[in-house]
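Text of data.pdb (PDB, C-alpha atoms, pLDDT in the B column) as supplied:
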```
ATOM      1  CA  MET J   1      -9.336 144.430 239.119  1.00 40.00           C
ATOM      2  CA  GLY J   2      -5.938 143.258 237.974  1.00 36.00           C
ATOM      3  CA  ARG J   3      -5.392 140.538 235.419  1.00 42.00           C
ATOM      4  CA  SER J   4      -2.908 138.682 237.650  1.00 47.00           C
ATOM      5  CA  ARG J   5      -5.788 136.767 239.211  1.00 72.00           C
ATOM      6  CA  ARG J   6      -7.681 134.181 237.211  1.00 88.00           C
ATOM      7  CA  THR J   7     -11.390 134.858 237.139  1.00 94.00           C
ATOM      8  CA  LEU J   8     -14.020 132.343 238.213  1.00 96.00           C
ATOM      9  CA  PRO J   9     -15.256 131.749 234.651  1.00 96.00           C
ATOM     10  CA  GLU J  10     -11.697 130.895 233.616  1.00 95.00           C
ATOM     11  CA  GLU J  11     -11.230 128.556 236.574  1.00 95.00           C
ATOM     12  CA  LEU J  12     -14.566 126.856 235.976  1.00 95.00           C
ATOM     13  CA  LEU J  13     -13.653 126.306 232.338  1.00 94.00           C
ATOM     14  CA  LEU J  14     -10.242 124.875 233.224  1.00 93.00           C
ATOM     15  CA  LEU J  15     -11.942 122.483 235.658  1.00 93.00           C
ATOM     16  CA  ALA J  16     -14.292 121.339 232.908  1.00 93.00           C
ATOM     17  CA  LEU J  17     -11.562 120.676 230.330  1.00 90.00           C
ATOM     18  CA  ASP J  18     -10.826 116.982 229.935  1.00 84.00           C
ATOM     19  CA  PRO J  19      -7.017 116.648 229.748  1.00 78.00           C
ATOM     20  CA  ALA J  20      -7.268 113.437 227.722  1.00 76.00           C
ATOM     21  CA  THR J  21      -9.726 114.519 225.033  1.00 79.00           C
ATOM     22  CA  GLY J  22      -9.486 118.309 224.994  1.00 80.00           C
ATOM     23  CA  THR J  23     -13.271 118.584 225.230  1.00 84.00           C
ATOM     24  CA  THR J  24     -15.358 120.255 227.922  1.00 87.00           C
ATOM     25  CA  ALA J  25     -17.504 118.243 230.291  1.00 87.00           C
ATOM     26  CA  GLN J  26     -21.184 119.184 230.604  1.00 86.00           C
ATOM     27  CA  PRO J  27     -21.003 121.724 227.738  1.00 84.00           C
ATOM     28  CA  GLN J  28     -24.637 122.843 227.809  1.00 82.00           C
ATOM     29  CA  SER J  29     -24.851 123.445 231.551  1.00 91.00           C
ATOM     30  CA  LEU J  30     -21.313 124.842 231.508  1.00 92.00           C
ATOM     31  CA  ASP J  31     -22.553 127.699 229.351  1.00 91.00           C
ATOM     32  CA  LEU J  32     -25.008 128.620 232.122  1.00 94.00           C
ATOM     33  CA  GLY J  33     -22.280 128.211 234.711  1.00 95.00           C
ATOM     34  CA  LEU J  34     -19.980 130.632 232.923  1.00 95.00           C
ATOM     35  CA  ALA J  35     -22.692 133.297 232.908  1.00 95.00           C
ATOM     36  CA  GLY J  36     -23.240 132.634 236.604  1.00 96.00           C
ATOM     37  CA  ALA J  37     -19.515 132.720 237.321  1.00 97.00           C
ATOM     38  CA  GLN J  38     -19.373 136.199 235.809  1.00 96.00           C
ATOM     39  CA  LEU J  39     -21.968 137.349 238.333  1.00 97.00           C
ATOM     40  CA  VAL J  40     -19.992 135.929 241.249  1.00 96.00           C
ATOM     41  CA  GLU J  41     -16.767 137.490 239.974  1.00 97.00           C
ATOM     42  CA  LEU J  42     -18.465 140.875 239.664  1.00 97.00           C
ATOM     43  CA  ALA J  43     -19.816 140.469 243.195  1.00 96.00           C
ATOM     44  CA  LEU J  44     -16.353 139.612 244.526  1.00 95.00           C
ATOM     45  CA  ALA J  45     -15.092 142.773 242.803  1.00 95.00           C
ATOM     46  CA  GLY J  46     -17.760 144.816 244.601  1.00 96.00           C
ATOM     47  CA  ARG J  47     -19.605 145.803 241.429  1.00 97.00           C
ATOM     48  CA  ILE J  48     -22.894 143.968 242.014  1.00 97.00           C
ATOM     49  CA  ALA J  49     -24.759 142.538 244.997  1.00 95.00           C
ATOM     50  CA  PRO J  50     -27.739 140.231 245.494  1.00 93.00           C
ATOM     51  CA  ASP J  51     -31.088 141.881 246.198  1.00 91.00           C
ATOM     52  CA  GLY J  52     -33.363 139.017 247.181  1.00 89.00           C
ATOM     53  CA  ASP J  53     -33.267 136.683 244.199  1.00 89.00           C
ATOM     54  CA  ARG J  54     -32.207 139.566 241.977  1.00 93.00           C
ATOM     55  CA  ILE J  55     -28.867 141.104 241.049  1.00 95.00           C
ATOM     56  CA  ALA J  56     -28.289 144.830 241.530  1.00 96.00           C
ATOM     57  CA  VAL J  57     -25.414 146.949 240.241  1.00 97.00           C
ATOM     58  CA  VAL J  58     -23.918 148.873 243.168  1.00 97.00           C
ATOM     59  CA  VAL J  59     -20.707 150.215 241.568  1.00 96.00           C
ATOM     60  CA  PRO J  60     -20.808 150.503 237.749  1.00 95.00           C
ATOM     61  CA  ARG J  61     -17.094 151.348 237.486  1.00 96.00           C
ATOM     62  CA  PRO J  62     -15.317 148.970 235.037  1.00 96.00           C
ATOM     63  CA  THR J  63     -13.152 146.185 236.423  1.00 95.00           C
ATOM     64  CA  GLY J  64     -10.595 146.239 233.626  1.00 94.00           C
ATOM     65  CA  ASP J  65     -11.654 142.821 232.328  1.00 94.00           C
ATOM     66  CA  PRO J  66     -13.400 143.373 228.963  1.00 93.00           C
ATOM     67  CA  THR J  67     -15.683 140.330 229.187  1.00 93.00           C
ATOM     68  CA  LEU J  68     -16.759 141.068 232.756  1.00 96.00           C
ATOM     69  CA  ASP J  69     -17.212 144.741 231.938  1.00 96.00           C
ATOM     70  CA  SER J  70     -19.483 143.836 229.030  1.00 94.00           C
ATOM     71  CA  ALA J  71     -21.681 141.857 231.428  1.00 95.00           C
ATOM     72  CA  LEU J  72     -21.583 144.685 233.967  1.00 97.00           C
ATOM     73  CA  GLU J  73     -22.677 147.218 231.347  1.00 96.00           C
ATOM     74  CA  LEU J  74     -25.561 144.996 230.258  1.00 94.00           C
ATOM     75  CA  LEU J  75     -26.699 144.729 233.869  1.00 95.00           C
ATOM     76  CA  ARG J  76     -26.395 148.494 234.314  1.00 95.00           C
ATOM     77  CA  ARG J  77     -28.516 149.131 231.256  1.00 94.00           C
ATOM     78  CA  ARG J  78     -31.333 147.082 232.746  1.00 91.00           C
ATOM     79  CA  GLY J  79     -31.873 149.926 235.193  1.00 89.00           C
ATOM     80  CA  ALA J  80     -33.597 147.787 237.833  1.00 93.00           C
ATOM     81  CA  PRO J  81     -32.235 144.663 239.534  1.00 95.00           C
ATOM     82  CA  VAL J  82     -32.647 141.578 237.364  1.00 95.00           C
ATOM     83  CA  ARG J  83     -33.551 138.103 238.561  1.00 95.00           C
ATOM     84  CA  ALA J  84     -30.536 135.818 238.524  1.00 94.00           C
ATOM     85  CA  VAL J  85     -32.422 133.064 236.684  1.00 94.00           C
ATOM     86  CA  HIS J  86     -33.435 135.467 233.927  1.00 93.00           C
ATOM     87  CA  TRP J  87     -29.876 136.705 233.510  1.00 93.00           C
ATOM     88  CA  ILE J  88     -28.310 133.251 233.501  1.00 93.00           C
ATOM     89  CA  GLY J  89     -31.029 131.830 231.251  1.00 91.00           C
ATOM     90  CA  GLY J  90     -30.562 134.550 228.640  1.00 87.00           C
ATOM     91  CA  PRO J  91     -28.625 134.040 225.392  1.00 80.00           C
ATOM     92  CA  ARG J  92     -24.871 133.836 225.864  1.00 74.00           C
ATOM     93  CA  LEU J  93     -23.700 132.955 222.371  1.00 72.00           C
ATOM     94  CA  GLY J  94     -19.948 132.720 222.132  1.00 83.00           C
ATOM     95  CA  LEU J  95     -19.192 133.061 225.847  1.00 89.00           C
ATOM     96  CA  ARG J  96     -17.415 129.712 226.174  1.00 90.00           C
ATOM     97  CA  GLN J  97     -15.402 130.379 223.017  1.00 89.00           C
ATOM     98  CA  THR J  98     -14.527 133.852 224.281  1.00 91.00           C
ATOM     99  CA  TYR J  99     -13.022 132.409 227.441  1.00 93.00           C
ATOM    100  CA  LEU J 100     -11.249 129.596 225.613  1.00 91.00           C
ATOM    101  CA  SER J 101      -9.715 132.105 223.213  1.00 90.00           C
ATOM    102  CA  HIS J 102      -8.587 134.209 226.159  1.00 90.00           C
ATOM    103  CA  LEU J 103      -7.004 131.186 227.852  1.00 91.00           C
ATOM    104  CA  GLU J 104      -5.260 130.398 224.567  1.00 90.00           C
ATOM    105  CA  ARG J 105      -3.858 133.932 224.309  1.00 90.00           C
ATOM    106  CA  CYS J 106      -2.610 133.637 227.893  1.00 87.00           C
ATOM    107  CA  GLY J 107      -0.865 130.385 227.048  1.00 87.00           C
ATOM    108  CA  MET J 108      -2.959 128.275 229.424  1.00 88.00           C
ATOM    109  CA  VAL J 109      -4.544 126.171 226.669  1.00 89.00           C
ATOM    110  CA  ALA J 110      -3.565 125.280 223.113  1.00 88.00           C
ATOM    111  CA  ALA J 111      -5.986 124.850 220.219  1.00 87.00           C
ATOM    112  CA  VAL J 112      -5.626 121.456 218.541  1.00 86.00           C
ATOM    113  CA  PRO J 113      -7.261 121.165 215.086  1.00 82.00           C
ATOM    114  CA  GLY J 114      -8.907 117.912 214.101  1.00 73.00           C
ATOM    115  CA  GLN J 115     -11.787 116.426 212.147  1.00 66.00           C
ATOM    116  CA  MET J 116     -15.174 115.003 212.987  1.00 66.00           C
ATOM    117  CA  CYS J 117     -16.079 111.859 211.089  1.00 68.00           C
ATOM    118  CA  GLY J 118     -12.983 112.471 208.984  1.00 68.00           C
ATOM    119  CA  VAL J 119     -14.655 115.404 207.238  1.00 74.00           C
ATOM    120  CA  LEU J 120     -15.745 118.317 209.436  1.00 78.00           C
ATOM    121  CA  PRO J 121     -12.952 120.444 210.929  1.00 79.00           C
ATOM    122  CA  THR J 122     -13.003 120.667 214.723  1.00 79.00           C
ATOM    123  CA  THR J 123     -10.952 122.400 217.365  1.00 83.00           C
ATOM    124  CA  ARG J 124     -10.163 120.922 220.744  1.00 84.00           C
ATOM    125  CA  TYR J 125      -8.303 122.581 223.578  1.00 87.00           C
ATOM    126  CA  GLN J 126      -5.518 121.065 225.658  1.00 83.00           C
ATOM    127  CA  ALA J 127      -4.264 122.602 228.882  1.00 83.00           C
ATOM    128  CA  THR J 128      -0.645 123.669 228.443  1.00 84.00           C
ATOM    129  CA  ASP J 129       0.039 124.608 232.060  1.00 78.00           C
ATOM    130  CA  THR J 130      -1.232 121.646 234.040  1.00 81.00           C
ATOM    131  CA  ALA J 131       0.098 123.152 237.272  1.00 86.00           C
ATOM    132  CA  ILE J 132      -2.658 125.759 237.123  1.00 88.00           C
ATOM    133  CA  SER J 133      -5.372 123.139 236.680  1.00 87.00           C
ATOM    134  CA  ARG J 134      -3.865 121.084 239.502  1.00 90.00           C
ATOM    135  CA  GLU J 135      -3.858 124.107 241.814  1.00 93.00           C
ATOM    136  CA  ILE J 136      -7.529 124.811 241.105  1.00 93.00           C
ATOM    137  CA  ARG J 137      -8.437 121.176 241.663  1.00 92.00           C
ATOM    138  CA  ALA J 138      -6.348 121.043 244.850  1.00 93.00           C
ATOM    139  CA  ARG J 139      -8.362 123.891 246.364  1.00 93.00           C
ATOM    140  CA  LEU J 140     -11.576 121.955 245.855  1.00 93.00           C
ATOM    141  CA  ASP J 141     -10.033 118.722 247.084  1.00 94.00           C
ATOM    142  CA  SER J 142      -8.757 120.434 250.226  1.00 94.00           C
ATOM    143  CA  ALA J 143     -12.141 121.960 251.019  1.00 91.00           C
ATOM    144  CA  ILE J 144     -13.815 118.578 250.526  1.00 92.00           C
ATOM    145  CA  ARG J 145     -11.222 116.605 252.468  1.00 90.00           C
ATOM    146  CA  THR J 146     -10.697 118.877 255.475  1.00 88.00           C
ATOM    147  CA  GLY J 147     -14.218 120.177 255.972  1.00 79.00           C
ATOM    148  CA  VAL J 148     -12.753 123.605 256.774  1.00 85.00           C
ATOM    149  CA  PRO J 149     -14.940 126.396 255.343  1.00 85.00           C
ATOM    150  CA  PRO J 150     -13.197 127.569 252.161  1.00 90.00           C
ATOM    151  CA  ASP J 151     -12.584 131.142 251.102  1.00 92.00           C
ATOM    152  CA  PRO J 152     -15.491 132.759 249.198  1.00 91.00           C
ATOM    153  CA  ARG J 153     -13.850 132.262 245.796  1.00 93.00           C
ATOM    154  CA  THR J 154     -13.298 128.544 246.325  1.00 94.00           C
ATOM    155  CA  ALA J 155     -16.768 128.135 247.849  1.00 93.00           C
ATOM    156  CA  ALA J 156     -18.340 129.817 244.821  1.00 94.00           C
ATOM    157  CA  LEU J 157     -16.268 127.679 242.444  1.00 95.00           C
ATOM    158  CA  ALA J 158     -17.452 124.544 244.263  1.00 95.00           C
ATOM    159  CA  ALA J 159     -21.063 125.717 244.101  1.00 94.00           C
ATOM    160  CA  LEU J 160     -20.813 126.370 240.368  1.00 96.00           C
ATOM    161  CA  ALA J 161     -19.014 123.078 239.709  1.00 95.00           C
ATOM    162  CA  HIS J 162     -21.839 121.236 241.461  1.00 95.00           C
ATOM    163  CA  ALA J 163     -24.531 123.267 239.706  1.00 95.00           C
ATOM    164  CA  VAL J 164     -23.267 122.471 236.206  1.00 95.00           C
ATOM    165  CA  GLY J 165     -22.746 118.785 236.989  1.00 94.00           C
ATOM    166  CA  LEU J 166     -18.954 118.665 237.133  1.00 94.00           C
ATOM    167  CA  GLY J 167     -19.037 116.534 240.268  1.00 94.00           C
ATOM    168  CA  LYS J 168     -19.277 113.304 238.285  1.00 92.00           C
ATOM    169  CA  HIS J 169     -16.456 114.519 236.027  1.00 91.00           C
ATOM    170  CA  LEU J 170     -14.152 115.463 238.918  1.00 93.00           C
ATOM    171  CA  TYR J 171     -15.095 112.616 241.282  1.00 94.00           C
ATOM    172  CA  PRO J 172     -16.431 109.777 239.132  1.00 93.00           C
ATOM    173  CA  GLY J 173     -17.917 106.423 240.064  1.00 93.00           C
ATOM    174  CA  ASN J 174     -19.079 104.983 243.354  1.00 94.00           C
ATOM    175  CA  GLU J 175     -15.775 105.856 244.990  1.00 92.00           C
ATOM    176  CA  GLY J 176     -16.417 109.535 244.285  1.00 94.00           C
ATOM    177  CA  ARG J 177     -19.913 109.578 245.721  1.00 94.00           C
ATOM    178  CA  SER J 178     -18.959 111.026 249.113  1.00 94.00           C
ATOM    179  CA  SER J 179     -16.775 113.678 247.468  1.00 94.00           C
ATOM    180  CA  ARG J 180     -19.648 114.688 245.189  1.00 94.00           C
ATOM    181  CA  SER J 181     -21.888 114.987 248.229  1.00 93.00           C
ATOM    182  CA  ARG J 182     -19.391 117.184 250.063  1.00 92.00           C
ATOM    183  CA  LEU J 183     -18.907 119.281 246.918  1.00 92.00           C
ATOM    184  CA  ARG J 184     -22.642 119.928 246.934  1.00 91.00           C
ATOM    185  CA  ASP J 185     -22.537 120.868 250.616  1.00 90.00           C
ATOM    186  CA  LEU J 186     -19.940 123.588 249.981  1.00 89.00           C
ATOM    187  CA  ILE J 187     -22.677 125.608 248.299  1.00 88.00           C
ATOM    188  CA  ARG J 188     -23.738 126.977 251.681  1.00 88.00           C
ATOM    189  CA  HIS J 189     -20.451 128.765 252.381  1.00 88.00           C
ATOM    190  CA  ASP J 190     -20.950 131.676 249.972  1.00 88.00           C
ATOM    191  CA  PRO J 191     -24.347 133.422 249.722  1.00 89.00           C
ATOM    192  CA  MET J 192     -23.722 134.880 246.266  1.00 92.00           C
ATOM    193  CA  GLY J 193     -22.290 131.637 244.953  1.00 92.00           C
ATOM    194  CA  GLY J 194     -25.256 129.787 246.405  1.00 92.00           C
ATOM    195  CA  LEU J 195     -27.759 132.172 244.851  1.00 94.00           C
ATOM    196  CA  VAL J 196     -26.134 131.864 241.429  1.00 95.00           C
ATOM    197  CA  ALA J 197     -25.699 128.082 241.661  1.00 94.00           C
ATOM    198  CA  HIS J 198     -29.356 127.613 242.541  1.00 94.00           C
ATOM    199  CA  ALA J 199     -30.290 129.879 239.636  1.00 95.00           C
ATOM    200  CA  VAL J 200     -28.186 127.749 237.268  1.00 95.00           C
ATOM    201  CA  MET J 201     -29.948 124.608 238.474  1.00 95.00           C
ATOM    202  CA  ASP J 202     -33.359 126.282 238.250  1.00 94.00           C
ATOM    203  CA  VAL J 203     -32.726 127.257 234.627  1.00 94.00           C
ATOM    204  CA  GLN J 204     -31.743 123.681 233.822  1.00 92.00           C
ATOM    205  CA  ASN J 205     -34.860 122.383 235.562  1.00 91.00           C
ATOM    206  CA  GLY J 206     -37.123 124.914 233.871  1.00 86.00           C
ATOM    207  CA  ALA J 207     -38.096 126.331 237.246  1.00 63.00           C
ATOM    208  CA  ALA J 208     -37.128 129.936 236.596  1.00 53.00           C
ATOM    209  CA  ALA J 209     -40.648 131.256 237.149  1.00 47.00           C
ATOM    210  CA  GLN J 210     -40.653 130.882 240.943  1.00 50.00           C
ATOM    211  CA  PRO J 211     -38.068 132.599 243.169  1.00 48.00           C
ATOM    212  CA  ARG J 212     -36.314 130.538 245.813  1.00 48.00           C
ATOM    213  CA  ARG J 213     -37.181 131.728 249.308  1.00 47.00           C
ATOM    214  CA  GLY J 214     -33.958 130.469 250.818  1.00 46.00           C
ATOM    215  CA  SER J 215     -31.806 132.073 248.146  1.00 44.00           C
ATOM    216  CA  ALA J 216     -33.764 135.299 248.384  1.00 46.00           C
ATOM    217  CA  SER J 217     -33.217 135.483 252.147  1.00 46.00           C
ATOM    218  CA  ALA J 218     -29.505 134.792 251.796  1.00 46.00           C
ATOM    219  CA  GLY J 219     -29.307 137.334 249.002  1.00 46.00           C
ATOM    220  CA  ARG J 220     -30.895 140.065 251.130  1.00 46.00           C
ATOM    221  CA  GLN J 221     -28.413 139.441 253.947  1.00 47.00           C
ATOM    222  CA  ALA J 222     -25.433 139.533 251.569  1.00 45.00           C
ATOM    223  CA  ALA J 223     -26.756 142.634 249.818  1.00 44.00           C
ATOM    224  CA  SER J 224     -26.884 144.688 253.018  1.00 45.00           C
ATOM    225  CA  GLY J 225     -23.218 143.963 253.720  1.00 44.00           C
ATOM    226  CA  ALA J 226     -22.131 144.532 250.139  1.00 42.00           C
ATOM    227  CA  ARG J 227     -23.901 147.867 249.877  1.00 42.00           C
ATOM    228  CA  ALA J 228     -22.383 149.076 253.132  1.00 42.00           C
ATOM    229  CA  ALA J 229     -18.905 148.373 251.758  1.00 39.00           C
ATOM    230  CA  ALA J 230     -19.537 149.644 248.229  1.00 41.00           C
ATOM    231  CA  GLU J 231     -18.027 152.951 247.195  1.00 42.00           C
ATOM    232  CA  PRO J 232     -20.249 155.615 245.611  1.00 41.00           C
ATOM    233  CA  ALA J 233     -20.975 154.937 241.965  1.00 40.00           C
ATOM    234  CA  PRO J 234     -19.655 157.547 239.432  1.00 39.00           C
ATOM    235  CA  GLY J 235     -21.921 158.044 236.835  1.00 39.00           C
ATOM    236  CA  VAL J 236     -20.893 135.975 226.002  1.00 39.00           C
ATOM    237  CA  PRO J 237     -19.709 128.968 225.579  1.00 38.00           C
ATOM    238  CA  MET J 238     -18.035 127.535 223.037  1.00 37.00           C
ATOM    239  CA  GLN J 239     -20.883 126.803 220.658  1.00 39.00           C
ATOM    240  CA  PRO J 240     -20.575 126.009 216.965  1.00 38.00           C
ATOM    241  CA  HIS J 241     -21.930 128.738 214.725  1.00 38.00           C
ATOM    242  CA  ARG J 242     -25.316 127.893 213.383  1.00 36.00           C
ATOM    243  CA  GLY J 243     -25.344 127.644 209.616  1.00 38.00           C
ATOM    244  CA  SER J 244     -21.761 126.420 209.578  1.00 35.00           C
ATOM    245  CA  MET J 245     -20.550 123.096 210.794  1.00 30.00           C
ATOM    246  CA  ALA J 246     -17.029 124.080 209.899  1.00 34.00           C
ATOM    247  CA  ARG J 247     -15.975 124.351 213.554  1.00 36.00           C
ATOM    248  CA  ALA J 248     -17.566 121.832 215.867  1.00 36.00           C
ATOM    249  CA  VAL J 249     -15.633 122.976 218.910  1.00 38.00           C
ATOM    250  CA  ALA J 250     -15.068 120.936 222.068  1.00 43.00           C
ATOM    251  CA  HIS J 251     -18.444 119.262 222.390  1.00 42.00           C
TER
END
```
Entire entry expressed as C-alpha cells:
Amino acid sequence: MGRSRRTLPEELLLLALDPATGTTAQPQSLDLGLAGAQLVELALAGRIAPDGDRIAVVVPRPTGDPTLDSALELLRRRGAPVRAVHWIGGPRLGLRQTYLSHLERCGMVAAVPGQMCGVLPTTRYQATDTAISREIRARLDSAIRTGVPPDPRTAALAALAHAVGLGKHLYPGNEGRSSRSRLRDLIRHDPMGGLVAHAVMDVQNGAAAQPRRGSASAGRQAASGARAAAEPAPGVPMQPHRGSMARAVAH
C-alpha cells in the first residue's frame, strides 16, 4: 500500500482537529475510533476480513505502513479471529500521538507549544494544509447532501465519525441535526465500517460482552467476498504520559 493515500486513521484525526483551538474533539472516543479505523484500512488493503463479529487475518503480508503493519502483526499473533470489540477496547497507549507525530512529519499539522494554567507545558496541533481537511470534509458533506451512496472509504469514515461522536463537532446545533442524522445513516453503506463503528459504540456503552447479530450477519457476507478476492498468504491517541504532566497534549 503506497503512502500517497492518506489512511483512514489520519483522515479521522484531521476531521477531529479543531482549527481554532488545535485540540481534538471527543478525545476519549477518538482513541477507540483510531483503533477501529486501522481495522477498516487493513480491510480495504485486503489484509483482514470480518468473520461474523470477529476479525480474521486473510493476507499477513505487510502494507508498508509501519503503524498499520504493527496492528496487523498483533492480529496475526492472536492465531484465531478476534472479536472487534475486544480489539478496539484493548489498550492503545500512544496511538493518537503516533498519528499526530506522523501528520507533523508530513507537514499536515504543526505542533504549537503552550502552557496549561500558566505552568504545565502543553502541545496543540494546528492543521497547516487546510485544503486537505476541506477535501475530507467535502466528501462527507457531499454524501450527506446528495444521498448518493459513497465509496467504501468515505462510508467507513462517516461511520467512524458518527461512532466517536464527531457529528456534533462537524454539524453543531439544531441546524445540524438533519446532517447528523444522515451521517449516522451512512453507516449502512460499508459492512466493515459498520461492524467496526458498532464495536466502537459498544465499547463506549460497556456492551462488549454480547455480539451484535446484525453486524455478525453483515460481517459474514463481507468475509466471503473478501476471502474470495484475497491472495494466498505467504508465511498504538494522544494521551499524556502517566506520571508526568509535562505534556498535556490536545485534550
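Taking atom CA of J:Arg61 and atom CA of J:Leu42 as the two end points, the separation is 10.8 Å.
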Inset, instruction - Starting from the displayed file, determine the output of the PyMOL selection byres ((chain J and resi 47) around 10) and express the residue list as a ChimeraX atom specification. - result: /J:39-46,48-49,56-63,69,72,226-227,230-231,233
Inset, instruction - To verify the selection step, state as JSON, numbers by chain which residues the PyMOL selection byres ((chain J and resi 188) around 12) yields on this input. - result: {"J": [149, 150, 151, 152, 154, 155, 156, 157, 158, 159, 160, 162, 182, 183, 184, 185, 186, 187, 189, 190, 191, 192, 193, 194, 195, 196, 197, 198, 214, 215, 218]}
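Atom CA of J:Ser181 sits 11.9 Å away from atom CA of J:Gly165.
Picked out by the PyMOL selection byres ((chain J and resi 20-32) around 6) when it runs on this file: Ala16, Leu17, Asp18, Pro19, Gly33, Leu34, Ala35, Ile88, Arg124, Tyr125, Gln126, Val164, Pro237, Ala250 and His251 of chain J.
Here atom CA of J:Asp53 is placed at a distance of 23.4 Å from atom CA of J:Leu95.
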To box stretch 198-201 of chain J, take all atoms listed in the file, fit an axis-aligned box, add 4 Å on each side, and give centre and edge lengths in Å to one decimal, as JSON.
```
{"center_x": -29.2, "center_y": 127.2, "center_z": 239.9, "size_x": 10.1, "size_y": 13.3, "size_z": 13.3}
```
